[in-house]
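File shown here: model-v3.csv, holding CSV, C-alpha atoms.
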```
chain,number,residue,atom,x,y,z
A,1,MET,CA,-30.2,-28.0,-14.8
A,2,ASN,CA,-33.7,-28.0,-13.4
A,3,LEU,CA,-34.7,-26.0,-10.4
A,4,LEU,CA,-34.7,-28.9,-7.9
A,5,THR,CA,-31.1,-29.9,-8.7
A,6,GLN,CA,-30.0,-26.3,-8.6
A,7,VAL,CA,-31.7,-25.8,-5.2
A,8,LEU,CA,-30.1,-29.0,-3.8
A,9,LEU,CA,-26.6,-28.0,-5.1
A,10,ILE,CA,-26.9,-24.5,-3.6
A,11,PHE,CA,-28.1,-25.9,-0.3
A,12,VAL,CA,-25.2,-28.4,0.1
A,13,SER,CA,-22.6,-26.0,-1.1
A,14,THR,CA,-23.7,-23.2,1.3
A,15,VAL,CA,-23.9,-25.6,4.3
A,16,LEU,CA,-20.7,-27.5,3.8
A,17,ILE,CA,-18.4,-26.2,1.0
A,18,ASN,CA,-18.8,-22.4,1.4
A,19,ASN,CA,-19.7,-22.5,5.1
A,20,PHE,CA,-20.5,-19.0,6.2
A,21,VAL,CA,-18.4,-19.1,9.4
A,22,LEU,CA,-15.5,-21.3,8.6
A,23,ILE,CA,-14.8,-20.5,4.9
A,24,ARG,CA,-16.3,-17.1,4.3
A,25,PHE,CA,-15.6,-15.6,7.7
A,26,LEU,CA,-19.1,-14.2,8.3
A,27,GLY,CA,-20.6,-14.2,11.7
A,28,ILE,CA,-17.4,-14.8,13.7
A,29,CYS,CA,-18.5,-12.6,16.7
A,30,PRO,CA,-21.4,-14.8,17.8
A,31,PHE,CA,-19.3,-17.9,16.8
A,32,LEU,CA,-16.7,-16.9,19.4
A,33,GLY,CA,-19.0,-15.3,21.9
A,34,VAL,CA,-22.0,-17.7,22.1
A,35,SER,CA,-20.3,-21.1,21.7
A,36,LYS,CA,-19.7,-22.0,25.4
A,37,GLN,CA,-22.6,-24.3,25.7
A,38,THR,CA,-24.3,-26.6,23.1
A,39,GLU,CA,-27.8,-25.6,24.2
A,40,THR,CA,-27.4,-21.8,23.9
A,41,ALA,CA,-25.4,-22.3,20.7
A,42,PHE,CA,-28.2,-24.2,19.2
A,43,SER,CA,-30.8,-21.5,20.2
A,44,MET,CA,-28.5,-18.9,18.6
A,45,GLY,CA,-28.3,-21.0,15.5
A,46,LEU,CA,-32.0,-21.5,15.3
A,47,ALA,CA,-32.7,-17.7,15.7
A,48,THR,CA,-30.1,-16.9,13.1
A,49,THR,CA,-31.4,-19.4,10.6
A,50,PHE,CA,-34.9,-18.0,11.0
A,51,VAL,CA,-33.8,-14.4,10.5
A,52,MET,CA,-31.5,-15.3,7.6
A,53,THR,CA,-34.3,-17.0,5.7
A,54,LEU,CA,-36.6,-14.0,6.1
A,55,THR,CA,-33.8,-11.6,5.3
A,56,ALA,CA,-33.0,-13.4,2.1
A,57,ALA,CA,-36.7,-13.1,1.0
A,58,ALA,CA,-37.1,-9.5,2.1
A,59,THR,CA,-33.9,-8.1,0.7
A,60,TRP,CA,-34.4,-9.9,-2.6
A,61,ILE,CA,-37.8,-8.2,-3.0
A,62,ILE,CA,-36.5,-4.8,-2.1
A,63,ASN,CA,-33.4,-5.1,-4.2
A,64,THR,CA,-35.3,-6.3,-7.3
A,65,PHE,CA,-38.5,-4.2,-7.1
A,66,ILE,CA,-37.2,-1.0,-5.5
A,67,LEU,CA,-33.5,-0.5,-5.8
A,68,GLU,CA,-32.9,-2.0,-9.3
A,69,ALA,CA,-36.2,-0.8,-10.7
A,70,LEU,CA,-35.6,2.8,-9.6
A,71,ASN,CA,-31.8,2.6,-10.2
A,72,LEU,CA,-30.7,3.5,-6.7
A,73,PRO,CA,-27.8,1.1,-6.1
A,74,PHE,CA,-26.0,3.5,-3.7
A,75,LEU,CA,-28.8,3.1,-1.2
A,76,GLN,CA,-28.2,-0.6,-1.0
A,77,TYR,CA,-26.2,-0.7,2.3
A,78,VAL,CA,-28.4,1.8,4.1
A,79,SER,CA,-31.7,0.2,3.0
A,80,PHE,CA,-30.5,-3.4,3.7
A,81,ILE,CA,-29.4,-2.5,7.3
A,82,ILE,CA,-32.7,-0.8,8.0
A,83,VAL,CA,-34.6,-3.9,6.6
A,84,ILE,CA,-32.5,-6.2,8.8
A,85,ALA,CA,-32.9,-4.1,11.9
A,86,SER,CA,-36.6,-3.8,11.5
A,87,LEU,CA,-37.0,-7.4,10.6
A,88,VAL,CA,-35.3,-8.5,13.7
A,89,GLN,CA,-37.4,-6.2,15.8
A,90,PHE,CA,-40.6,-7.5,14.1
A,91,VAL,CA,-39.6,-11.1,14.5
A,92,GLU,CA,-38.9,-10.4,18.2
A,93,MET,CA,-42.4,-8.9,18.7
A,94,PHE,CA,-44.1,-11.6,16.8
A,95,ILE,CA,-42.4,-14.5,18.7
A,96,LYS,CA,-43.1,-12.7,22.0
A,97,LYS,CA,-46.8,-12.6,21.2
A,98,THR,CA,-47.3,-16.0,19.6
A,99,SER,CA,-44.8,-18.3,21.4
A,100,PRO,CA,-43.5,-17.2,24.8
A,101,VAL,CA,-41.6,-20.5,25.2
A,102,LEU,CA,-39.6,-19.9,22.0
A,103,TYR,CA,-39.1,-16.3,23.0
A,104,LYS,CA,-37.6,-17.3,26.3
A,105,ALA,CA,-35.4,-19.9,24.7
A,106,LEU,CA,-33.9,-17.4,22.2
A,107,GLY,CA,-33.7,-14.7,24.9
A,108,ILE,CA,-31.1,-12.0,24.3
A,109,TYR,CA,-29.8,-13.7,21.1
A,110,LEU,CA,-32.6,-12.2,18.9
A,111,PRO,CA,-31.6,-8.5,19.2
A,112,LEU,CA,-27.9,-9.4,18.8
A,113,ILE,CA,-28.6,-10.8,15.4
A,114,THR,CA,-28.8,-7.3,13.9
A,115,THR,CA,-25.1,-6.8,14.2
A,116,ASN,CA,-24.2,-10.3,13.0
A,117,CYS,CA,-22.3,-9.6,9.8
A,118,ALA,CA,-23.5,-12.9,8.3
A,119,ILE,CA,-26.9,-11.5,7.8
A,120,LEU,CA,-25.8,-8.3,6.0
A,121,GLY,CA,-23.3,-10.5,4.1
A,122,LEU,CA,-26.0,-12.8,3.0
A,123,ALA,CA,-28.2,-9.9,1.8
A,124,LEU,CA,-25.2,-8.5,-0.2
A,125,LEU,CA,-24.2,-11.9,-1.6
A,126,ILE,CA,-27.6,-12.5,-3.2
A,127,PRO,CA,-27.5,-9.6,-5.7
A,128,LEU,CA,-23.8,-10.3,-6.3
A,129,ASN,CA,-24.5,-13.9,-7.3
A,130,GLY,CA,-27.7,-13.0,-9.2
A,131,TYR,CA,-29.9,-15.6,-7.5
A,132,ASN,CA,-33.7,-15.8,-8.2
A,133,PHE,CA,-36.3,-15.6,-5.5
A,134,ILE,CA,-36.5,-19.4,-4.7
A,135,VAL,CA,-32.8,-19.9,-4.8
A,136,SER,CA,-32.3,-16.9,-2.6
A,137,ILE,CA,-34.5,-18.3,0.1
A,138,VAL,CA,-32.7,-21.7,-0.1
A,139,PHE,CA,-29.4,-19.9,0.1
A,140,GLY,CA,-30.5,-18.0,3.2
A,141,PHE,CA,-31.8,-21.2,4.9
A,142,GLY,CA,-28.6,-23.1,3.9
A,143,ALA,CA,-26.4,-20.3,5.3
A,144,GLY,CA,-28.3,-20.5,8.6
A,145,VAL,CA,-28.0,-24.3,8.8
A,146,GLY,CA,-24.3,-24.0,8.1
A,147,PHE,CA,-23.9,-21.4,10.8
A,148,THR,CA,-25.8,-23.6,13.3
A,149,LEU,CA,-23.7,-26.6,12.3
A,150,ALA,CA,-20.4,-24.7,12.9
A,151,ILE,CA,-21.5,-23.0,16.2
A,152,VAL,CA,-22.9,-26.3,17.7
A,153,LEU,CA,-19.8,-28.3,16.7
A,154,MET,CA,-17.6,-25.6,18.3
A,155,ALA,CA,-19.7,-25.5,21.5
A,156,GLY,CA,-19.4,-29.3,21.8
A,157,LEU,CA,-15.6,-29.1,21.5
A,158,ARG,CA,-15.4,-26.3,24.0
A,159,GLU,CA,-17.5,-28.1,26.5
A,160,THR,CA,-15.1,-31.1,26.3
A,161,LEU,CA,-12.1,-28.7,26.4
A,162,GLN,CA,-13.0,-27.5,29.9
A,163,PHE,CA,-11.4,-30.7,31.2
A,164,GLY,CA,-8.3,-30.2,29.1
A,165,ASP,CA,-5.0,-28.7,30.1
A,166,VAL,CA,-4.9,-25.5,28.1
A,167,PRO,CA,-1.9,-23.1,28.6
A,168,GLU,CA,-2.8,-20.0,30.6
A,169,ALA,CA,-2.2,-17.5,27.8
A,170,LEU,CA,-4.2,-19.5,25.3
A,171,LYS,CA,-7.4,-19.9,27.5
A,172,GLY,CA,-10.6,-18.5,26.1
A,173,VAL,CA,-10.5,-16.8,22.7
A,174,PRO,CA,-7.0,-17.9,21.4
A,175,ILE,CA,-7.7,-21.7,21.8
A,176,THR,CA,-11.2,-21.2,20.3
A,177,LEU,CA,-9.6,-19.6,17.2
A,178,ILE,CA,-7.0,-22.4,16.9
A,179,ILE,CA,-9.8,-25.0,17.1
A,180,ALA,CA,-11.7,-23.0,14.4
A,181,GLY,CA,-8.6,-23.1,12.2
A,182,ILE,CA,-8.5,-26.9,12.5
A,183,MET,CA,-12.2,-27.1,11.8
A,184,ALA,CA,-11.8,-24.9,8.7
A,185,MET,CA,-9.1,-27.2,7.4
A,186,ALA,CA,-11.4,-30.1,7.9
A,187,PHE,CA,-14.2,-28.3,6.1
A,188,MET,CA,-11.8,-27.7,3.2
A,189,GLY,CA,-12.1,-31.5,2.6
A,190,PHE,CA,-15.7,-30.9,1.5
A,191,SER,CA,-14.6,-28.7,-1.4
A,192,GLY,CA,-14.3,-31.7,-3.7
A,193,LEU,CA,-17.8,-32.9,-2.9
A,194,ILE,CA,-19.5,-31.5,-5.9
A,195,SER,CA,-18.2,-29.7,-8.9
A,196,VAL,CA,-20.5,-26.9,-10.1
B,1,MET,CA,-3.3,17.5,26.5
B,2,SER,CA,-2.2,14.4,28.5
B,3,LYS,CA,-5.9,13.3,28.5
B,4,LEU,CA,-5.9,13.4,24.7
B,5,LEU,CA,-2.7,11.4,24.6
B,6,GLY,CA,-4.2,8.9,26.9
B,7,ASP,CA,-7.3,8.6,24.7
B,8,PHE,CA,-5.1,8.1,21.7
B,9,LYS,CA,-2.8,5.5,23.3
B,10,ASN,CA,-5.7,3.5,24.8
B,11,GLY,CA,-6.6,2.0,21.4
B,12,LEU,CA,-3.0,1.2,20.4
B,13,TRP,CA,-2.3,-1.3,23.1
B,14,GLN,CA,-4.3,-1.3,26.3
B,15,GLU,CA,-7.7,-1.7,24.7
B,16,ASN,CA,-6.5,-2.8,21.3
B,17,PRO,CA,-9.7,-3.8,19.4
B,18,THR,CA,-8.2,-7.0,17.8
B,19,PHE,CA,-5.8,-8.3,20.4
B,20,ARG,CA,-7.3,-7.2,23.7
B,21,LEU,CA,-11.0,-6.7,23.1
B,22,VAL,CA,-11.2,-9.3,20.2
B,23,ILE,CA,-14.0,-7.4,18.3
B,24,GLY,CA,-14.4,-6.8,14.6
B,25,MET,CA,-13.2,-10.3,13.8
B,26,CYS,CA,-14.8,-10.9,10.4
B,27,PRO,CA,-12.6,-8.4,8.3
B,28,THR,CA,-9.6,-9.2,10.6
B,29,LEU,CA,-9.7,-12.9,9.5
B,30,ALA,CA,-11.0,-12.5,6.0
B,31,VAL,CA,-8.9,-9.9,4.3
B,32,THR,CA,-5.5,-10.4,5.9
B,33,ASN,CA,-4.2,-12.8,3.2
B,34,THR,CA,-1.9,-10.2,1.8
B,35,MET,CA,-0.4,-7.1,3.4
B,36,ILE,CA,-1.9,-4.7,0.9
B,37,ASN,CA,-5.4,-6.0,1.7
B,38,GLY,CA,-4.8,-5.9,5.4
B,39,LEU,CA,-3.5,-2.3,5.3
B,40,SER,CA,-6.2,-1.0,3.1
B,41,MET,CA,-8.9,-2.6,5.2
B,42,GLY,CA,-7.4,-1.1,8.4
B,43,LEU,CA,-7.2,2.4,6.9
B,44,ALA,CA,-10.8,2.1,5.4
B,45,THR,CA,-12.1,1.1,8.8
B,46,ALA,CA,-10.1,3.8,10.6
B,47,PHE,CA,-11.5,6.5,8.2
B,48,VAL,CA,-15.1,5.4,8.8
B,49,LEU,CA,-14.5,5.3,12.6
B,50,LEU,CA,-13.0,8.8,12.6
B,51,ALA,CA,-15.7,10.4,10.4
B,52,SER,CA,-18.6,8.8,12.3
B,53,GLU,CA,-17.1,9.6,15.7
B,54,ILE,CA,-16.7,13.3,14.7
B,55,VAL,CA,-20.3,13.5,13.4
B,56,ILE,CA,-21.9,11.6,16.3
B,57,SER,CA,-20.0,13.4,19.1
B,58,ALA,CA,-20.9,16.7,17.4
B,59,ILE,CA,-24.6,16.1,17.0
B,60,LYS,CA,-25.2,13.8,20.0
B,61,LYS,CA,-27.4,16.3,21.8
B,62,PHE,CA,-29.9,16.2,18.9
B,63,ILE,CA,-30.3,12.4,18.7
B,64,PRO,CA,-33.1,11.1,20.9
B,65,ASN,CA,-32.0,8.3,23.2
B,66,ASN,CA,-34.5,5.7,22.0
B,67,VAL,CA,-33.4,5.8,18.4
B,68,ARG,CA,-29.7,6.3,18.9
B,69,ILE,CA,-28.5,2.9,17.7
B,70,PRO,CA,-30.4,3.1,14.3
B,71,SER,CA,-29.2,6.7,13.9
B,72,TYR,CA,-25.6,5.6,14.5
B,73,VAL,CA,-25.9,2.8,12.0
B,74,LEU,CA,-27.3,5.1,9.4
B,75,ILE,CA,-24.4,7.6,9.9
B,76,ILE,CA,-21.9,4.8,9.7
B,77,ALA,CA,-23.6,3.3,6.6
B,78,THR,CA,-23.4,6.6,4.8
B,79,PHE,CA,-19.6,6.9,5.4
B,80,VAL,CA,-19.2,3.3,4.3
B,81,THR,CA,-21.0,3.9,1.0
B,82,PHE,CA,-18.6,6.9,0.6
B,83,VAL,CA,-15.5,4.7,1.2
B,84,ASP,CA,-16.9,2.0,-1.1
B,85,TYR,CA,-17.4,4.3,-4.0
B,86,PHE,CA,-14.0,6.0,-3.4
B,87,LEU,CA,-12.2,2.7,-3.5
B,88,LYS,CA,-14.1,1.5,-6.6
B,89,ALA,CA,-13.2,4.8,-8.4
B,90,PHE,CA,-9.5,5.2,-7.4
B,91,PHE,CA,-8.3,1.7,-6.4
B,92,PRO,CA,-10.4,-0.7,-8.4
B,93,SER,CA,-8.1,-3.7,-7.8
B,94,ILE,CA,-8.1,-3.2,-4.0
B,95,ALA,CA,-11.9,-2.8,-4.1
B,96,ALA,CA,-12.2,-6.1,-6.0
B,97,SER,CA,-10.1,-8.1,-3.6
B,98,LEU,CA,-11.8,-6.7,-0.5
B,99,SER,CA,-15.2,-7.1,-2.3
B,100,LEU,CA,-17.9,-7.9,0.3
B,101,PHE,CA,-15.9,-6.8,3.3
B,102,VAL,CA,-16.0,-3.1,2.4
B,103,PRO,CA,-19.8,-2.9,2.9
B,104,LEU,CA,-19.5,-5.1,5.9
B,105,ILE,CA,-17.6,-2.3,7.7
B,106,VAL,CA,-21.2,-1.1,8.6
B,107,VAL,CA,-21.7,-4.0,11.0
B,108,ASN,CA,-18.1,-4.0,12.4
B,109,CYS,CA,-18.9,-4.0,16.1
B,110,LEU,CA,-15.7,-2.0,16.7
B,111,ILE,CA,-17.2,1.1,15.1
B,112,LEU,CA,-20.7,0.9,16.6
B,113,GLY,CA,-19.1,0.0,20.0
B,114,ARG,CA,-16.9,3.1,20.0
B,115,GLN,CA,-19.9,5.4,19.2
B,116,GLU,CA,-21.8,3.9,22.1
B,117,ALA,CA,-18.9,3.8,24.6
B,118,PHE,CA,-17.1,6.9,23.6
B,119,ALA,CA,-18.4,9.4,21.0
B,120,SER,CA,-21.8,9.6,22.5
B,121,ARG,CA,-20.3,10.7,25.9
B,122,ASN,CA,-17.3,12.8,25.0
B,123,PRO,CA,-16.6,16.1,23.2
B,124,VAL,CA,-15.4,16.2,19.6
B,125,HIS,CA,-11.7,16.7,20.2
B,126,ARG,CA,-11.5,13.7,22.6
B,127,SER,CA,-13.5,11.6,20.1
B,128,ILE,CA,-11.0,12.4,17.4
B,129,ALA,CA,-8.1,11.2,19.6
B,130,ASP,CA,-10.0,8.0,20.5
B,131,ALA,CA,-10.9,7.3,16.8
B,132,LEU,CA,-7.3,7.8,15.7
B,133,GLY,CA,-6.0,5.5,18.4
B,134,MET,CA,-8.6,2.8,17.8
B,135,GLY,CA,-8.3,3.1,14.1
B,136,LEU,CA,-4.5,2.9,14.1
B,137,GLY,CA,-4.7,0.1,16.7
B,138,PHE,CA,-6.9,-1.9,14.4
B,139,THR,CA,-4.7,-1.1,11.4
B,140,TRP,CA,-1.4,-2.3,13.0
B,141,ALA,CA,-3.1,-5.5,14.2
B,142,LEU,CA,-4.3,-6.2,10.7
B,143,LEU,CA,-0.9,-5.4,9.2
B,144,LEU,CA,0.9,-7.7,11.7
B,145,LEU,CA,-1.5,-10.6,11.0
B,146,SER,CA,-1.3,-10.1,7.2
B,147,THR,CA,2.5,-9.8,7.4
B,148,VAL,CA,2.8,-13.2,9.1
B,149,ARG,CA,0.3,-14.8,6.7
B,150,GLU,CA,1.8,-13.4,3.5
B,151,PHE,CA,5.4,-14.1,4.6
B,152,LEU,CA,4.7,-17.7,5.5
B,153,GLY,CA,2.0,-18.3,2.8
B,154,MET,CA,3.7,-16.8,-0.2
B,155,GLY,CA,7.2,-15.9,0.9
B,156,SER,CA,6.7,-12.3,0.0
B,157,LEU,CA,6.1,-8.9,1.7
B,158,PHE,CA,3.8,-6.3,0.0
B,159,GLY,CA,3.9,-8.6,-3.1
B,160,PHE,CA,7.7,-8.5,-3.4
B,161,ASP,CA,9.3,-11.9,-3.3
B,162,VAL,CA,11.8,-12.0,-0.4
B,163,LEU,CA,12.4,-15.7,0.2
B,164,GLY,CA,13.1,-16.7,-3.4
B,165,THR,CA,12.0,-19.7,-5.3
B,166,SER,CA,13.6,-22.2,-3.0
B,167,TYR,CA,11.1,-21.4,-0.3
B,168,GLN,CA,8.4,-24.0,-0.1
B,169,SER,CA,5.3,-21.8,0.7
B,170,MET,CA,2.8,-22.9,3.3
B,171,VAL,CA,-0.4,-22.5,1.3
B,172,ILE,CA,-2.6,-23.1,4.3
B,173,MET,CA,-1.5,-19.7,5.8
B,174,ILE,CA,-3.4,-17.8,3.1
B,175,LEU,CA,-6.4,-20.1,3.3
B,176,PRO,CA,-9.2,-19.8,6.0
B,177,GLY,CA,-7.6,-22.3,8.3
B,178,GLY,CA,-4.3,-20.4,8.5
B,179,ALA,CA,-6.2,-17.2,9.3
B,180,PHE,CA,-7.8,-18.6,12.4
B,181,ILE,CA,-4.7,-20.3,13.7
B,182,THR,CA,-2.4,-17.3,13.1
B,183,LEU,CA,-4.9,-15.0,14.9
B,184,GLY,CA,-5.2,-17.5,17.8
B,185,VAL,CA,-1.5,-17.7,18.2
B,186,LEU,CA,-1.1,-13.9,18.0
B,187,VAL,CA,-3.8,-13.3,20.6
B,188,GLY,CA,-2.1,-15.9,22.9
B,189,LEU,CA,1.2,-14.1,22.4
B,190,MET,CA,-0.3,-10.7,23.3
B,191,ASN,CA,-1.8,-12.2,26.4
B,192,LEU,CA,1.6,-13.5,27.4
B,193,ILE,CA,3.3,-10.2,26.7
B,194,SER,CA,0.8,-8.1,28.6
B,195,ARG,CA,0.9,-10.5,31.6
B,196,ASN,CA,4.7,-10.4,31.7
B,197,THR,CA,4.8,-6.6,31.6
B,198,ASN,CA,2.2,-6.1,34.4
```
Could you render the structure as structure tokens?
Amino acid sequence: MNLLTQVLLIFVSTVLINNFVLIRFLGICPFLGVSKQTETAFSMGLATTFVMTLTAAATWIINTFILEALNLPFLQYVSFIIVIASLVQFVEMFIKKTSPVLYKALGIYLPLITTNCAILGLALLIPLNGYNFIVSIVFGFGAGVGFTLAIVLMAGLRETLQFGDVPEALKGVPITLIIAGIMAMAFMGFSGLISV
Amino acid sequence: MSKLLGDFKNGLWQENPTFRLVIGMCPTLAVTNTMINGLSMGLATAFVLLASEIVISAIKKFIPNNVRIPSYVLIIATFVTFVDYFLKAFFPSIAASLSLFVPLIVVNCLILGRQEAFASRNPVHRSIADALGMGLGFTWALLLLSTVREFLGMGSLFGFDVLGTSYQSMVIMILPGGAFITLGVLVGLMNLISRNTN
């Protein structure tokens, strides 16, 4: 299998088949918390995709050239979380200086990304799957696109749901979870899309 | 003493992390396909919560306010590494089925949230009561969710077949879709119960 086919397969499978939110259960907190409006959901997805792609590259380098080279696997969690926290901080400062418009659009969602378990999950999945550098970046980008897809779809449904007649006890989180369940079932249909 | 009991009971029902606050959702949904997974995840999280609340409430005076969040995360990550290696050494099968979600305890918002809201403001003995209550509250929620899912999805409890072979198992309950729907229905039920008791 040449690199291009591999990259395409990884991308499609991370976006649709192994969707981070609906199939792997990573990043549920923002998925439930920031999915009230399509616009904010999209900004959140954008910021997450950005950080995920950078995280995939940064943690691959650190894992390969520092942790594996010096045989320090027990420092993996501690070092990954430091990398992610400082990366988010750095991205925030960089965007603030270069593009105030984008900074305003992303707002409070940027710092929140540090505690999004999808990011740490992504960093941990890469060494687990043994991806190379290019595939890792595609994997990170695909994971972000999959997250954006799920959160924007959910926001669209919740906007429509405001006019629906939801039982009092199910309002808010419970109905969102039930919708997510139905979406997860729908996404299971993608599992036959490609056979790796 | 009554204050300690109040701190303890708070997490069990009134501010139950799963059903009332709805935080720490990733492990709640991901590893509750069998009861043994749900229980071990609950206890692992409870241990990390207890250990980090003790340490943080004990050394809170020495942590500068500006770098408190990174410091909390580092303390939590240390205990998570400990739990991870402990599970891999003594319970390799549980460690294999929880896989990614043991290291992800680091970013469980329940743990960081309790440090910020409770351990950084209260003495050690009250933090212990709070951590025990929250940890057990999280554990019973996970156990309830995994009981429903394993019972309907495989017709068994703790791996023991209770419904026999004639039971047509609902496979969807142990798949991702069933996790979301079961939790949604349970949170809805808890809302109903707490509204009726008030």
Margin query: Can you pull out the residues contacting stretch 186-188 of chain A? Cut-off 9 Å, using only C-alpha atoms, and skip same-chain residues under 6 positions away; I want them as a PyMOL selection string.
Written below: (chain A and resi 16-19+22-23) or (chain B and resi 176-177)
Margin query: Set the distance at 9 Å and use only C-alpha atoms: which residues neighbour B:Ile94 once local chain neighbours fewer than 3 positions away are removed? I'd like the list as a list in words.
Written below: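 Near B:Ile94, the qualifying residues are Ile36, Asn37, Ser40, Leu87, Lys88, Phe91, Ser97, Leu98 and Ser99 of chain B.
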Item checked: Test item: residues at most 7 Å from B:Phe180, all atoms listed in the file, excluding those fewer than 5 positions along its chain, as JSON, numbers by chain -> {"A": [177, 178, 180, 181], "B": [29]}
Check: To one decimal place, how far is atom CA of B:Met25 from atom CA of B:Val107 in Å?
Finding: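 According to the coordinates, atom CA of B:Met25 and atom CA of B:Val107 are separated by 10.9 Å.
Using all atoms listed in the file, the nearest neighbour of B:Thr28 within the list A:Val91, A:Ile175, A:Ile28, A:Val135 is A:Ile28.
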Notebook entry, point to check: So what do you get for atom CA of A:Ile84 versus atom CA of B:Glu53, distance-wise?
Noted result: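 Straight-line distance from atom CA of A:Ile84 to atom CA of B:Glu53 works out to 23.1 Å.
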Next item on the list: Fewer than 4 positions away in the same chain doesn't count, so skip those; otherwise give me all residues within 12 Å of B:Lys60, counting all atoms listed in the file, as a list of chain:residue names.
Entry: B:Ser52, B:Glu53, B:Ile54, B:Val55, B:Ile56, B:Pro64, B:Asn65, B:Val67, B:Arg68, B:Ile69, B:Ser71, B:Tyr72, B:Ile75, B:Gln115, B:Glu116, B:Phe118, B:Ala119, B:Ser120, B:Arg121, B:Asn122, B:Pro123, B:Val124, B:Ser127
